[in-house]
Amino acid sequence: MLPWLTLAVVVGVLDQVTKQMVMARLHYGQMIPITSFFDLVLVFNTGAAFSFLAEHGGWQRWFFTVLAVAISAWLLTLMHHHRHEKLLPAAFALIIGGALGNVYDRIVHGAVVDFLHFHYAGWSWPAFNLADSAITVGVVMMLWGQLFQHGAPSAHDQTRPGAHS
């Protein structure tokens, strides 16, 4: 499991390093255009994805912290169960590393630090961070692994007597 745990730690550390770099160079709300469709901006999200529950008095800080820790613990058990595979443990590691990077923010800053902002022709995607990206990629990989690697019976399973069709 060491490679998968290392990946989770690397994701969490890279997330925190990038956030520290942005916080050292930008003031809250400051935006630096990088391209015509991408800016660096410093914002703090007290809610979850897309600022879900951000305006609800502060209880959500601890709710999302506990939820992320509980899900990370559950994913650690799944990682152990699938430790000899490649795709699923990597997916779990990305999710755990990202989740714990955001947990650190909630504990230390009271909100998640976001700074990547994409936009085009008046449309704007909510700002996010490296942890959010790792979580998203990890979830896609996990779904892919569950749907296309574990969900379909193998040729061996289909030829076994009594196998379900």
# chains A, B, ... in the order shown; residues from 1 in each chain; ligands from 1

$ residues_around --residues "A:Leu94" --least-positions-apart "5" --cutoff "10 Å" --atoms "only C-alpha atoms" --output "list in words"
Trp4, Leu5, Leu7, Ala8, Val9, Val10, Val11, Gly12, Leu88, Pro89, Ala99, Ala131, Asp132, Ser133, Ala134, Ile135, Thr136, Val137, Gly138, Val139, Met141 and Met142 of chain A

$ write_last_selection --atoms "C-alpha atoms" --output "CSV table (one decimal), in the first residue's frame"
chain,number,residue,atom,x,y,z
A,4,TRP,CA,-0.8,4.5,-2.9
A,5,LEU,CA,-0.3,6.2,0.5
A,7,LEU,CA,0.5,9.3,-3.9
A,8,ALA,CA,-2.1,10.6,-1.4
A,9,VAL,CA,0.6,12.4,0.6
A,10,VAL,CA,2.1,13.9,-2.6
A,11,VAL,CA,-1.3,15.2,-3.7
A,12,GLY,CA,-1.9,16.7,-0.3
A,88,LEU,CA,-8.8,1.8,-8.0
A,89,PRO,CA,-6.1,2.3,-5.4
A,99,ALA,CA,-9.9,15.5,0.6
A,131,ALA,CA,-7.2,19.1,-4.3
A,132,ASP,CA,-10.5,19.6,-6.0
A,133,SER,CA,-8.9,18.5,-9.3
A,134,ALA,CA,-7.4,15.4,-7.7
A,135,ILE,CA,-10.8,14.5,-6.2
A,136,THR,CA,-12.5,14.9,-9.5
A,137,VAL,CA,-9.9,12.8,-11.4
A,138,GLY,CA,-10.0,10.2,-8.6
A,139,VAL,CA,-13.8,9.9,-8.8
A,141,MET,CA,-11.1,6.8,-12.3
A,142,MET,CA,-13.1,5.1,-9.5

$ select_by_dssp --residues "chain A" --states "strand (DSSP E or B)" --output "VMD selection string"
chain A and resid 31 to 33 38 to 45 112 to 120 123 to 124 128

$ select_by_dssp --residues "stretch 2-161 of chain A" --states "helix (DSSP H, G or I)" --output "PyMOL selection string"
chain A and resi 2-25+49-51+59-81+87-109+130-150+155-159

$ closest_residue --among "A:Tyr104, A:Met31, A:Phe37, A:Ile71" --to "A:Ser124" --atoms "only C-alpha atoms"
A:Phe37

$ closest_residue --among "A:Ala91, A:Gly122, A:Leu40, A:Val103" --to "A:Leu26" --atoms "only C-alpha atoms"
A:Leu40

$ closest_residue --among "A:Gln149, A:Thr6, A:Thr18, A:Asn129" --to "A:Phe44" --atoms "only C-alpha atoms"
A:Asn129

$ closest_residue --among "A:Leu116, A:Ala111, A:Leu67, A:Leu143" --to "A:Thr35" --atoms "only C-alpha atoms"
A:Leu116

$ residues_around --residues "A:Pro33" --least-positions-apart "4" --cutoff "12 Å" --atoms "only C-alpha atoms" --output "tab-separated table (two decimals) with N, CA and C atoms, in the first residue's frame"
chain	number	residue	atom	x	y	z
A	37	PHE	N	-8.81	32.89	-20.98
A	37	PHE	CA	-9.84	32.05	-20.38
A	37	PHE	C	-9.47	31.53	-18.98
A	38	PHE	N	-8.34	31.95	-18.44
A	38	PHE	CA	-7.88	31.44	-17.15
A	38	PHE	C	-7.25	32.55	-16.32
A	39	ASP	N	-7.65	32.62	-15.04
A	39	ASP	CA	-7.08	33.58	-14.10
A	39	ASP	C	-6.67	32.85	-12.82
A	40	LEU	N	-5.73	33.43	-12.14
A	40	LEU	CA	-5.47	33.05	-10.75
A	40	LEU	C	-6.24	34.04	-9.89
A	41	VAL	N	-6.95	33.55	-8.91
A	41	VAL	CA	-7.73	34.39	-8.02
A	41	VAL	C	-7.70	33.75	-6.63
A	115	PHE	N	-8.22	28.91	-6.11
A	115	PHE	CA	-7.46	29.91	-6.86
A	115	PHE	C	-7.44	29.70	-8.38
A	116	LEU	N	-7.93	28.60	-8.87
A	116	LEU	CA	-7.94	28.36	-10.32
A	116	LEU	C	-9.31	28.76	-10.86
A	117	HIS	N	-9.33	29.71	-11.78
A	117	HIS	CA	-10.60	30.24	-12.29
A	117	HIS	C	-10.61	30.21	-13.82
A	118	PHE	N	-11.49	29.40	-14.37
A	118	PHE	CA	-11.65	29.30	-15.82
A	118	PHE	C	-12.94	29.99	-16.24
A	119	HIS	N	-12.89	30.65	-17.40
A	119	HIS	CA	-14.06	31.39	-17.90
A	119	HIS	C	-13.96	31.50	-19.43

$ residues_around --residues "A:Leu78" --least-positions-apart "3" --cutoff "8 Å" --atoms "only C-alpha atoms" --output "VMD selection string"
chain A and resid 74 to 75 81 to 82 89 92

$ write_last_selection --atoms "N, CA, C and O atoms" --output "mmCIF file, in the first residue's frame"
data_model
loop_
_atom_site.group_PDB
_atom_site.id
_atom_site.type_symbol
_atom_site.label_atom_id
_atom_site.label_comp_id
_atom_site.auth_asym_id
_atom_site.auth_seq_id
_atom_site.Cartn_x
_atom_site.Cartn_y
_atom_site.Cartn_z
ATOM 1 N N TRP A 74 -12.851 5.379 5.010
ATOM 2 C CA TRP A 74 -13.530 4.329 4.239
ATOM 3 C C TRP A 74 -12.732 3.989 2.975
ATOM 4 O O TRP A 74 -12.534 2.821 2.653
ATOM 5 N N LEU A 75 -12.230 5.031 2.285
ATOM 6 C CA LEU A 75 -11.441 4.792 1.077
ATOM 7 C C LEU A 75 -10.118 4.095 1.391
ATOM 8 O O LEU A 75 -9.620 3.320 0.572
ATOM 9 N N HIS A 81 -8.180 -3.214 0.416
ATOM 10 C CA HIS A 81 -8.851 -4.346 -0.237
ATOM 11 C C HIS A 81 -8.398 -4.508 -1.699
ATOM 12 O O HIS A 81 -8.266 -5.627 -2.186
ATOM 13 N N HIS A 82 -8.144 -3.405 -2.374
ATOM 14 C CA HIS A 82 -7.772 -3.425 -3.799
ATOM 15 C C HIS A 82 -6.281 -3.134 -3.997
ATOM 16 O O HIS A 82 -5.862 -2.758 -5.089
ATOM 17 N N PRO A 89 -6.848 1.722 -6.462
ATOM 18 C CA PRO A 89 -6.067 2.330 -5.373
ATOM 19 C C PRO A 89 -5.523 3.718 -5.739
ATOM 20 O O PRO A 89 -5.455 4.597 -4.885
ATOM 21 N N PHE A 92 -8.451 6.055 -5.285
ATOM 22 C CA PHE A 92 -8.679 6.288 -3.859
ATOM 23 C C PHE A 92 -7.618 7.226 -3.297
ATOM 24 O O PHE A 92 -7.921 8.107 -2.492
#

$ closest_residue --among "A:Leu100, A:Ala93, A:Val13, A:Leu87" --to "A:Trp144" --atoms "only C-alpha atoms"
A:Leu87

$ closest_residue --among "A:Gln16, A:Asn45, A:Asn102, A:Ser72" --to "A:Pro126" --atoms "only C-alpha atoms"
A:Asn45

$ atom_distance --atom1 "atom CA of A:Arg106" --atom2 "atom CA of A:Gly29"
18.3 Å

$ atom_distance --atom1 "atom CA of A:Ile96" --atom2 "atom CA of A:Gln20"
19.7 Å
